[in-house]
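Shown next: work.cif, containing mmCIF, C-alpha atoms.
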data_my_file
#
loop_
_atom_site.label_atom_id
_atom_site.label_comp_id
_atom_site.auth_asym_id
_atom_site.auth_seq_id
_atom_site.Cartn_x
_atom_site.Cartn_y
_atom_site.Cartn_z
CA MET A 1 144.83 177.67 19.27
CA ASN A 2 142.31 175.99 21.57
CA LEU A 3 142.94 177.62 24.93
CA ARG A 4 140.83 175.01 26.71
CA ASP A 5 143.44 172.50 25.57
CA THR A 6 146.25 174.83 26.62
CA PHE A 7 144.83 175.14 30.15
CA PRO A 8 143.27 171.69 30.72
CA HIS A 9 143.86 171.88 34.48
CA VAL A 10 142.07 175.21 34.93
CA ASP A 11 138.44 175.17 36.00
CA ALA A 12 136.85 178.01 34.06
CA THR A 13 134.04 178.31 36.58
CA GLY A 14 136.13 177.91 39.73
CA PRO A 15 136.71 180.49 42.47
CA THR A 16 139.34 183.18 42.27
CA GLY A 17 142.16 183.32 44.80
CA PRO A 18 142.63 186.34 47.06
CA THR A 19 145.51 187.70 45.00
CA ASP A 20 143.49 187.35 41.82
CA GLY A 21 140.68 189.72 42.66
CA ALA A 22 138.05 188.48 45.08
CA ALA A 23 135.46 190.77 43.53
CA ALA A 24 135.81 189.21 40.10
CA ALA A 25 132.62 188.21 38.35
CA ASP A 26 132.17 184.87 36.63
CA ASP A 27 131.82 186.57 33.26
CA SER A 28 135.07 186.38 31.27
CA GLY A 29 134.63 189.98 30.11
CA SER A 30 134.43 191.44 33.62
CA LEU A 31 137.48 192.84 35.40
CA PRO A 32 137.82 192.96 39.19
CA GLY A 33 139.84 196.16 38.95
CA PRO A 34 143.04 197.51 37.37
CA LEU A 35 145.02 194.47 38.54
CA VAL A 36 144.43 190.75 37.96
CA GLY A 37 146.42 187.69 38.99
CA PRO A 38 147.66 184.69 36.99
CA ALA A 39 144.90 182.33 38.14
CA TRP A 40 142.22 184.85 37.21
CA LEU A 41 143.68 185.26 33.73
CA ALA A 42 144.24 181.54 33.17
CA THR A 43 140.64 180.81 34.11
CA ARG A 44 139.30 183.38 31.66
CA LEU A 45 141.64 182.30 28.86
CA ALA A 46 140.40 178.74 29.28
CA ALA A 47 136.91 180.13 28.67
CA GLY A 48 138.02 182.06 25.56
CA GLY A 49 138.42 185.29 27.52
CA PRO A 50 140.54 188.45 27.34
CA VAL A 51 142.90 189.67 24.67
CA VAL A 52 146.42 189.46 26.14
CA LEU A 53 149.05 192.01 25.15
CA ASP A 54 152.77 191.72 25.93
CA ALA A 55 154.11 195.22 26.58
CA SER A 56 157.71 194.26 27.40
CA VAL A 57 160.46 196.79 26.64
CA GLY A 58 164.24 196.75 26.37
CA ALA A 59 165.95 193.40 26.81
CA HIS A 60 162.69 191.84 27.93
CA ARG A 61 161.17 192.66 24.55
CA ALA A 62 163.22 189.85 23.01
CA ALA A 63 162.07 187.23 25.53
CA ALA A 64 161.33 183.96 23.76
CA ARG A 65 158.49 182.99 26.08
CA ARG A 66 155.01 184.42 26.07
CA ILE A 67 151.59 183.75 27.52
CA PRO A 68 149.77 181.65 24.90
CA GLY A 69 148.03 183.85 22.37
CA ALA A 70 149.71 187.07 23.52
CA ARG A 71 150.12 189.86 20.98
CA ARG A 72 152.91 192.43 21.12
CA PHE A 73 152.07 195.93 22.36
CA ASP A 74 155.35 197.40 21.17
CA ILE A 75 156.17 200.42 23.34
CA ASP A 76 159.75 200.44 22.02
CA GLY A 77 158.37 200.45 18.48
CA VAL A 78 155.07 201.35 16.87
CA MET A 79 153.30 202.21 20.12
CA SER A 80 155.49 205.30 20.56
CA ASP A 81 155.68 208.39 18.35
CA ALA A 82 158.92 208.10 16.40
CA THR A 83 158.55 211.65 15.03
CA VAL A 84 159.18 213.15 18.49
CA PRO A 85 162.80 213.35 19.77
CA LEU A 86 161.81 211.85 23.13
CA PRO A 87 161.55 208.13 23.91
CA HIS A 88 158.20 206.47 24.53
CA THR A 89 156.05 209.45 23.58
CA MET A 90 152.35 208.71 23.24
CA PRO A 91 151.32 208.47 19.57
CA GLY A 92 148.38 210.44 18.26
CA ALA A 93 144.84 209.07 18.32
CA HIS A 94 144.79 208.15 14.62
CA ARG A 95 148.05 206.21 14.80
CA PHE A 96 147.04 204.53 18.05
CA THR A 97 143.75 203.45 16.50
CA GLU A 98 145.53 201.98 13.49
CA GLU A 99 147.97 199.99 15.61
CA MET A 100 145.30 198.63 17.94
CA ARG A 101 143.19 197.58 14.98
CA ALA A 102 146.24 195.89 13.46
CA LEU A 103 146.45 193.85 16.67
CA GLY A 104 142.88 192.73 16.10
CA VAL A 105 141.52 194.53 19.15
CA ASP A 106 137.84 195.49 19.17
CA GLY A 107 136.23 198.20 21.23
CA THR A 108 134.19 195.58 23.09
CA ASP A 109 137.19 193.41 24.02
CA THR A 110 138.59 192.99 27.50
CA VAL A 111 142.37 193.38 27.54
CA VAL A 112 145.02 192.21 30.00
CA VAL A 113 148.53 193.62 29.60
CA TYR A 114 151.71 192.14 31.03
CA ASP A 115 155.48 192.35 30.67
CA ALA A 116 158.38 189.96 31.15
CA ALA A 117 159.92 191.99 33.99
CA GLY A 118 156.99 191.85 36.44
CA VAL A 119 155.02 195.08 36.68
CA TYR A 120 157.13 197.52 34.71
CA SER A 121 156.16 198.59 31.20
CA SER A 122 152.77 196.84 31.37
CA ALA A 123 151.53 199.74 33.52
CA ARG A 124 152.46 202.10 30.67
CA ALA A 125 150.31 200.11 28.23
CA TRP A 126 147.45 200.12 30.75
CA TRP A 127 147.68 203.90 31.14
CA MET A 128 147.94 204.51 27.38
CA LEU A 129 144.80 202.50 26.70
CA ARG A 130 142.89 204.35 29.39
CA ALA A 131 144.20 207.69 28.13
CA MET A 132 142.74 206.73 24.76
CA GLY A 133 139.32 206.14 26.30
CA PHE A 134 139.49 202.36 26.75
CA ASP A 135 138.65 201.16 30.26
CA ARG A 136 138.30 197.39 29.80
CA VAL A 137 141.97 196.83 30.59
CA ALA A 138 143.95 195.49 33.54
CA VAL A 139 147.58 194.70 34.38
CA LEU A 140 148.71 191.16 35.16
CA ASP A 141 150.15 191.42 38.67
CA GLY A 142 153.70 190.03 38.66
CA GLY A 143 153.72 189.71 34.87
CA LEU A 144 155.33 186.77 33.12
CA PRO A 145 157.47 185.78 36.16
CA ALA A 146 154.34 185.33 38.29
CA TRP A 147 152.64 183.45 35.46
CA THR A 148 155.48 180.96 35.10
CA ALA A 149 155.93 180.67 38.89
CA ALA A 150 152.30 179.54 39.04
CA GLY A 151 153.16 176.67 36.68
CA LEU A 152 151.03 178.05 33.85
CA PRO A 153 151.92 177.25 30.21
CA VAL A 154 153.95 179.45 27.90
CA ASP A 155 154.61 179.47 24.20
CA GLU A 156 158.26 179.20 23.17
CA ALA A 157 159.57 181.05 20.14
CA GLU A 158 163.22 181.50 19.24
CA GLU A 159 162.65 185.01 17.91
CA GLY A 160 160.21 186.20 20.56
CA ILE A 161 156.68 187.39 20.06
CA ALA A 162 155.27 188.09 16.63
CA PRO A 163 153.84 191.60 16.30
CA GLY A 164 150.56 190.62 14.70
CA GLY A 165 147.18 189.83 16.15
CA THR A 166 144.47 187.57 14.83
CA GLY A 167 145.00 188.22 11.13
CA ARG A 168 141.92 190.42 10.97
CA ALA A 169 141.55 194.10 11.74
CA GLY A 170 139.78 195.09 14.92
CA ASP A 171 137.36 197.98 15.28
CA PHE A 172 139.09 199.76 18.19
CA THR A 173 138.71 203.54 18.11
CA ALA A 174 140.79 205.87 20.28
CA ARG A 175 138.91 208.57 22.17
CA PRO A 176 141.59 210.63 23.95
CA ARG A 177 140.91 211.87 27.47
CA GLU A 178 142.21 215.25 28.54
CA GLY A 179 144.62 215.45 31.44
CA MET A 180 145.80 211.86 31.71
CA LEU A 181 149.04 212.70 29.90
CA VAL A 182 150.47 216.16 30.48
CA GLY A 183 153.41 218.30 29.44
CA SER A 184 156.00 220.36 31.27
CA GLY A 185 153.65 223.33 31.75
CA ALA A 186 151.19 221.26 33.76
CA VAL A 187 154.08 219.85 35.79
CA ALA A 188 155.35 223.34 36.61
CA ALA A 189 151.85 224.34 37.70
CA ALA A 190 151.58 221.27 39.94
CA LEU A 191 154.94 222.03 41.54
CA ALA A 192 153.63 225.48 42.48
CA ASP A 193 150.29 224.19 43.82
CA PRO A 194 150.25 223.20 47.53
CA GLY A 195 147.32 220.89 46.86
CA SER A 196 149.27 218.96 44.24
CA ALA A 197 152.32 216.72 44.31
CA VAL A 198 154.80 215.62 41.67
CA LEU A 199 156.15 212.12 42.27
CA ASP A 200 159.33 210.91 40.55
CA ALA A 201 159.63 207.14 40.06
CA ARG A 202 163.37 207.12 39.33
CA SER A 203 165.92 205.66 41.73
CA ARG A 204 167.01 207.70 44.73
CA GLU A 205 170.50 208.08 43.25
CA ARG A 206 169.18 209.48 39.98
CA PHE A 207 166.74 211.75 41.81
CA ALA A 208 169.54 213.14 44.01
CA GLY A 209 171.86 213.50 41.04
CA THR A 210 174.63 211.38 42.56
CA VAL A 211 174.81 209.19 39.46
CA ALA A 212 174.70 210.07 35.78
CA GLU A 213 171.48 209.63 33.82
CA PRO A 214 171.45 206.54 31.58
CA ARG A 215 170.40 208.67 28.62
CA PRO A 216 173.24 210.89 27.40
CA GLY A 217 172.89 214.65 27.47
CA LEU A 218 170.49 214.87 30.40
CA ARG A 219 171.17 216.91 33.52
CA ARG A 220 171.44 215.23 36.90
CA GLY A 221 168.92 215.84 39.66
CA HIS A 222 165.19 216.49 39.90
CA MET A 223 162.48 219.15 39.65
CA PRO A 224 162.43 221.57 42.59
CA GLY A 225 159.66 220.47 44.93
CA ALA A 226 159.22 217.01 43.47
CA LEU A 227 159.02 213.98 45.75
CA ASN A 228 160.87 210.73 45.15
CA LEU A 229 159.06 207.40 45.18
CA PRO A 230 161.07 204.75 43.28
CA PHE A 231 158.55 202.50 41.60
CA GLY A 232 160.09 199.36 43.12
CA GLU A 233 159.17 200.60 46.59
CA ILE A 234 155.47 200.05 45.90
CA GLN A 235 156.08 196.43 44.89
CA ARG A 236 157.01 193.26 46.70
CA ASP A 237 158.45 190.24 44.89
CA GLY A 238 157.48 191.77 41.56
CA ARG A 239 153.84 192.38 42.54
CA MET A 240 152.06 195.54 43.58
CA LEU A 241 151.64 196.14 47.31
CA PRO A 242 148.13 195.64 48.72
CA ALA A 243 145.92 198.74 48.67
CA PRO A 244 146.22 199.49 52.43
CA GLU A 245 150.02 199.47 52.17
CA LEU A 246 149.92 201.67 49.08
CA ARG A 247 147.73 204.16 50.92
CA ALA A 248 150.17 204.15 53.83
CA VAL A 249 153.21 204.72 51.59
CA LEU A 250 151.58 207.55 49.67
CA GLY A 251 150.09 209.12 52.78
CA ALA A 252 153.44 209.16 54.56
CA LEU A 253 155.16 210.67 51.52
CA LEU A 254 152.59 213.37 50.90
CA GLY A 255 152.60 214.43 54.55
CA GLU A 256 151.26 217.93 55.05
CA ARG A 257 149.68 217.98 51.59
CA LYS A 258 146.94 215.75 53.01
CA ARG A 259 145.64 218.81 54.83
CA GLU A 260 145.22 220.78 51.63
CA ARG A 261 142.56 218.51 50.18
CA GLU A 262 140.47 215.56 51.25
CA ARG A 263 142.71 212.49 51.55
CA GLY A 264 142.74 210.46 48.38
CA GLN A 265 141.87 213.48 46.25
CA GLU A 266 145.27 215.16 46.10
CA ARG A 267 146.26 216.05 42.58
CA LEU A 268 149.19 213.81 41.63
CA VAL A 269 151.50 214.15 38.65
CA VAL A 270 153.87 211.24 38.18
CA SER A 271 157.15 211.25 36.28
CA CYS A 272 160.16 209.00 35.64
CA GLY A 273 162.84 208.71 32.97
CA SER A 274 160.69 208.39 29.85
CA GLY A 275 157.08 208.03 31.02
CA VAL A 276 157.12 204.25 31.52
CA THR A 277 157.65 203.50 35.22
CA ALA A 278 155.74 206.70 36.10
CA CYS A 279 152.73 204.61 35.12
CA VAL A 280 153.61 202.09 37.85
CA LEU A 281 153.10 204.95 40.32
CA ALA A 282 149.86 205.85 38.54
CA LEU A 283 148.71 202.25 38.94
CA GLY A 284 149.65 202.26 42.62
CA ALA A 285 147.84 205.56 43.17
CA GLU A 286 144.68 204.22 41.55
CA LEU A 287 144.81 201.06 43.65
CA ALA A 288 145.18 203.29 46.71
CA GLY A 289 142.07 205.27 45.77
CA TYR A 290 143.50 208.41 44.20
CA THR A 291 141.35 209.76 41.39
CA GLU A 292 143.25 212.82 40.12
CA VAL A 293 146.42 211.45 38.56
CA SER A 294 148.33 212.55 35.47
CA VAL A 295 151.46 211.13 33.83
CA TYR A 296 154.15 213.49 32.60
CA ASP A 297 154.68 212.02 29.15
CA GLY A 298 158.08 213.60 28.48
CA SER A 299 159.32 212.95 32.02
CA TRP A 300 163.05 213.42 32.70
CA SER A 301 163.87 212.83 29.03
CA GLU A 302 162.29 216.23 28.44
CA TRP A 303 162.76 218.10 31.73
CA GLY A 304 166.37 216.99 32.11
CA ARG A 305 167.50 218.26 28.72
CA PRO A 306 169.57 221.45 28.73
CA SER A 307 166.90 224.16 29.01
CA GLU A 308 165.49 226.83 31.32
CA LEU A 309 163.44 224.25 33.22
CA PRO A 310 164.82 224.30 36.79
CA VAL A 311 166.80 221.36 38.19
CA VAL A 312 168.17 220.80 41.69
CA THR A 313 170.29 218.05 43.21
CA GLY A 314 170.32 216.40 46.62
CA PRO A 315 167.78 214.18 48.37
#

As structure tokens:
Amino acid sequence: MNLRDTFPHVDATGPTGPTDGAAAADDSGSLPGPLVGPAWLATRLAAGGPVVLDASVGAHRAAARRIPGARRFDIDGVMSDATVPLPHTMPGAHRFTEEMRALGVDGTDTVVVYDAAGVYSSARAWWMLRAMGFDRVAVLDGGLPAWTAAGLPVDEAEEGIAPGGTGRAGDFTARPREGMLVGSGAVAAALADPGSAVLDARSRERFAGTVAEPRPGLRRGHMPGALNLPFGEIQRDGRMLPAPELRAVLGALLGERKRERERGQERLVVSCGSGVTACVLALGAELAGYTEVSVYDGSWSEWGRPSELPVVTGP
């Protein structure tokens, strides 16, 4: 596919709009930050730029439309560890390396991830890549809906996106980073630490335990001491809130914890139902300037199972 032909109306050397990263460099391999906009991506694709990965999950995984050239980052499939009885568990480094190479991704590539819902599971792909030592990755703000709303072209396929990449193996190598994905022990320690906070991205009803969990067998409620920040509350019209607004939302939620440590350096652990939308909170925290963030990989799928892990209900 000749992407210059796909995007004939895009000026590959033109300026970037304010929602597409004003600090972006002209080089197609440079990222303005963890978030890029549709115009930024279209411009770079016209110049033969980033690898694009579709990280859609659930019903959106079967979407027939895709950004031209996108490859499937299959969180519902091979990009999760099927040997673990928890959904969406991070695979080991060897397996992750194999799957990224099968997608034709090289260690020197720049990658943009998106999903068909907006900013939902794409943040999980972004966090997974970074947890495996790969920093040249950003999330498409607004995802496929923002891309199509901008009038940019899509490929149509009756059976959705093919899993493969370029037909050749890449040379990607995973180099796991400690602390980006944590287990229940680290969460319990954070709950007991006044300089830390555990943020739960689930809905307020699920957090309070007033509705049943969508996954059978899980208890209702939340971890004692956790704070609720539904991931949709740090978005507007399917896009992430601007950094000043994210800082205001997080600052108001954390309250007295700001006194425990220098603002912006609070230790945050983020959780959700299965470790997917927790990564939306991780993305928001990074955009707001927080540097000590971990994702609870098992999330409520682990903590909410019948066990000795404590659960409370109420707001």

### Message
Take the PyMOL selection byres ((chain A and resi 74) around 8), run it mentally on this structure, and tell me the resulting residues as number ranges by chain.
### Response
A: 54-57, 72-73, 75-80, 163

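If you apply the PyMOL selection byres ((chain A and resi 271) around 7) to this structure, you end up with Leu199, Asp200, Ala201, Val269, Val270, Cys272, Gly275, Ala278, Val295, Tyr296 and Ser299 of chain A.
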
### Message
Give me, as JSON, numbers by chain, all polymer residues having an atom no more than 10 Å from A:Ala174, counting only C-alpha atoms and skipping those fewer than 5 positions away in the same chain.
### Response
{"A": [92, 93, 94, 95, 96, 97, 98, 100, 107, 129, 130, 131, 132, 133, 134]}

### Option closest in space to A:Glu292, from A:Gly221, A:Gly314, A:Gly195, A:Pro214 [counting all atoms listed in the file]
A:Gly195

#### Entry: Contacts of A:Pro145 at 9 Å (only C-alpha atoms; same-chain gap of 4+ positions) as a ChimeraX atom specification
/A:115-118,149-150,238

### Query
Which residues, written as an MDAnalysis selection string, have at least one atom at most 8 Å from A:Met240, with only C-alpha atoms counted and residues fewer than 2 positions away on the same chain left out?
chainID A and resid 119 141:142 234:236 238 242 284

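Distances here use only C-alpha atoms; by that measure, the residue among A:Val105, A:Leu229, A:Leu287, A:Ala189 closest to A:Thr173 is A:Val105.
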
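Straight-line separation from atom CA of A:Asp171 to atom CA of A:Val52: 16.5 Å.
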
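Note on the selection: in this file the PyMOL selection byres ((chain A and resi 222) around 9) comes out as Asp200, Arg206, Phe207, Ala208, Gly209, Arg219, Arg220, Gly221, Met223, Pro224, Gly225, Ala226, Leu227, Asn228, Trp300, Trp303, Gly304, Pro310, Val311, Val312, Thr313 and Gly314 of chain A.
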
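The gap separating atom CA of A:Tyr114 from atom CA of A:Gly143 is 5.0 Å, in Å to one decimal.
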
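Counting all atoms listed in the file, the residue from A:Ala123, A:Leu250, A:Val154, A:Met180 that sits nearest to A:Leu283 is A:Ala123.
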
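Atom CA of A:Ala42 to atom CA of A:Thr148 spans 11.4 Å [interatomic distance, one decimal].
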
### Message
Taking only C-alpha atoms into account, name the residue in A:Val113, A:Ile67, A:Leu35, A:Leu254 that is nearest to A:Arg267.
### Response
A:Leu254

### Message
Counting only C-alpha atoms, which residue out of A:Val51, A:Val280, A:Val187, A:Ala252 sits closest to A:Gly170?
### Response
A:Val51

### Residue neighbourhood A:Ala243, 9 Å, all atoms listed in the file, exclusion window fewer than 4 positions, as number ranges by chain
A: 247-248, 284-285, 287-289

### Task
May I ask which of the residues A:Leu218, A:Ala64, A:Ala197, A:Val211 is the closest one to A:Glu302, counting all atoms listed in the file?
A:Leu218

### Query
Any idea what's packed within 7 Å of A:Asp155, counting all atoms listed in the file, ignoring anything in its chain fewer than 4 positions away? Could you give it as a PyMOL selection string?
chain A and resi 65-68

Just need stretch 29-47 of chain A in a file, please: N, CA and C atoms, as a short mmCIF file (atom, residue, chain, number, x, y, z; two decimals), in the first residue's frame.
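Result went into decode08.cif, see below:
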data_model
loop_
_atom_site.label_atom_id
_atom_site.label_comp_id
_atom_site.auth_asym_id
_atom_site.auth_seq_id
_atom_site.Cartn_x
_atom_site.Cartn_y
_atom_site.Cartn_z
N GLY A 29 9.59 9.75 13.00
CA GLY A 29 9.83 8.83 14.09
C GLY A 29 9.73 9.46 15.45
N SER A 30 9.52 10.77 15.53
CA SER A 30 9.47 11.47 16.81
C SER A 30 8.04 11.55 17.31
N LEU A 31 7.86 11.38 18.61
CA LEU A 31 6.55 11.48 19.22
C LEU A 31 6.50 12.72 20.09
N PRO A 32 5.37 13.45 20.08
CA PRO A 32 5.25 14.63 20.93
C PRO A 32 4.98 14.28 22.38
N GLY A 33 4.64 13.05 22.66
CA GLY A 33 4.29 12.62 24.00
C GLY A 33 3.51 11.33 23.94
N PRO A 34 2.84 10.94 25.02
CA PRO A 34 2.11 9.68 25.02
C PRO A 34 0.80 9.71 24.25
N LEU A 35 0.43 10.88 23.74
CA LEU A 35 -0.84 11.04 23.04
C LEU A 35 -0.61 11.80 21.75
N VAL A 36 -1.19 11.30 20.65
CA VAL A 36 -1.13 12.01 19.37
C VAL A 36 -2.54 12.11 18.80
N GLY A 37 -2.76 13.07 17.92
CA GLY A 37 -4.07 13.26 17.31
C GLY A 37 -4.13 12.71 15.89
N PRO A 38 -5.32 12.65 15.31
CA PRO A 38 -5.48 12.10 13.96
C PRO A 38 -4.65 12.82 12.90
N ALA A 39 -4.61 14.15 12.93
CA ALA A 39 -3.85 14.87 11.91
C ALA A 39 -2.36 14.57 12.00
N TRP A 40 -1.86 14.48 13.23
CA TRP A 40 -0.45 14.13 13.43
C TRP A 40 -0.15 12.77 12.80
N LEU A 41 -1.00 11.79 13.09
CA LEU A 41 -0.77 10.44 12.58
C LEU A 41 -0.90 10.40 11.07
N ALA A 42 -1.93 11.04 10.52
CA ALA A 42 -2.12 11.02 9.07
C ALA A 42 -0.92 11.63 8.35
N THR A 43 -0.40 12.71 8.89
CA THR A 43 0.77 13.35 8.29
C THR A 43 1.95 12.40 8.27
N ARG A 44 2.18 11.71 9.37
CA ARG A 44 3.34 10.80 9.43
C ARG A 44 3.12 9.56 8.57
N LEU A 45 1.89 9.06 8.50
CA LEU A 45 1.63 7.91 7.64
C LEU A 45 1.85 8.26 6.18
N ALA A 46 1.49 9.48 5.81
CA ALA A 46 1.73 9.92 4.43
C ALA A 46 3.20 9.94 4.10
N ALA A 47 4.04 10.10 5.12
CA ALA A 47 5.49 10.12 4.93
C ALA A 47 6.11 8.76 5.20
#
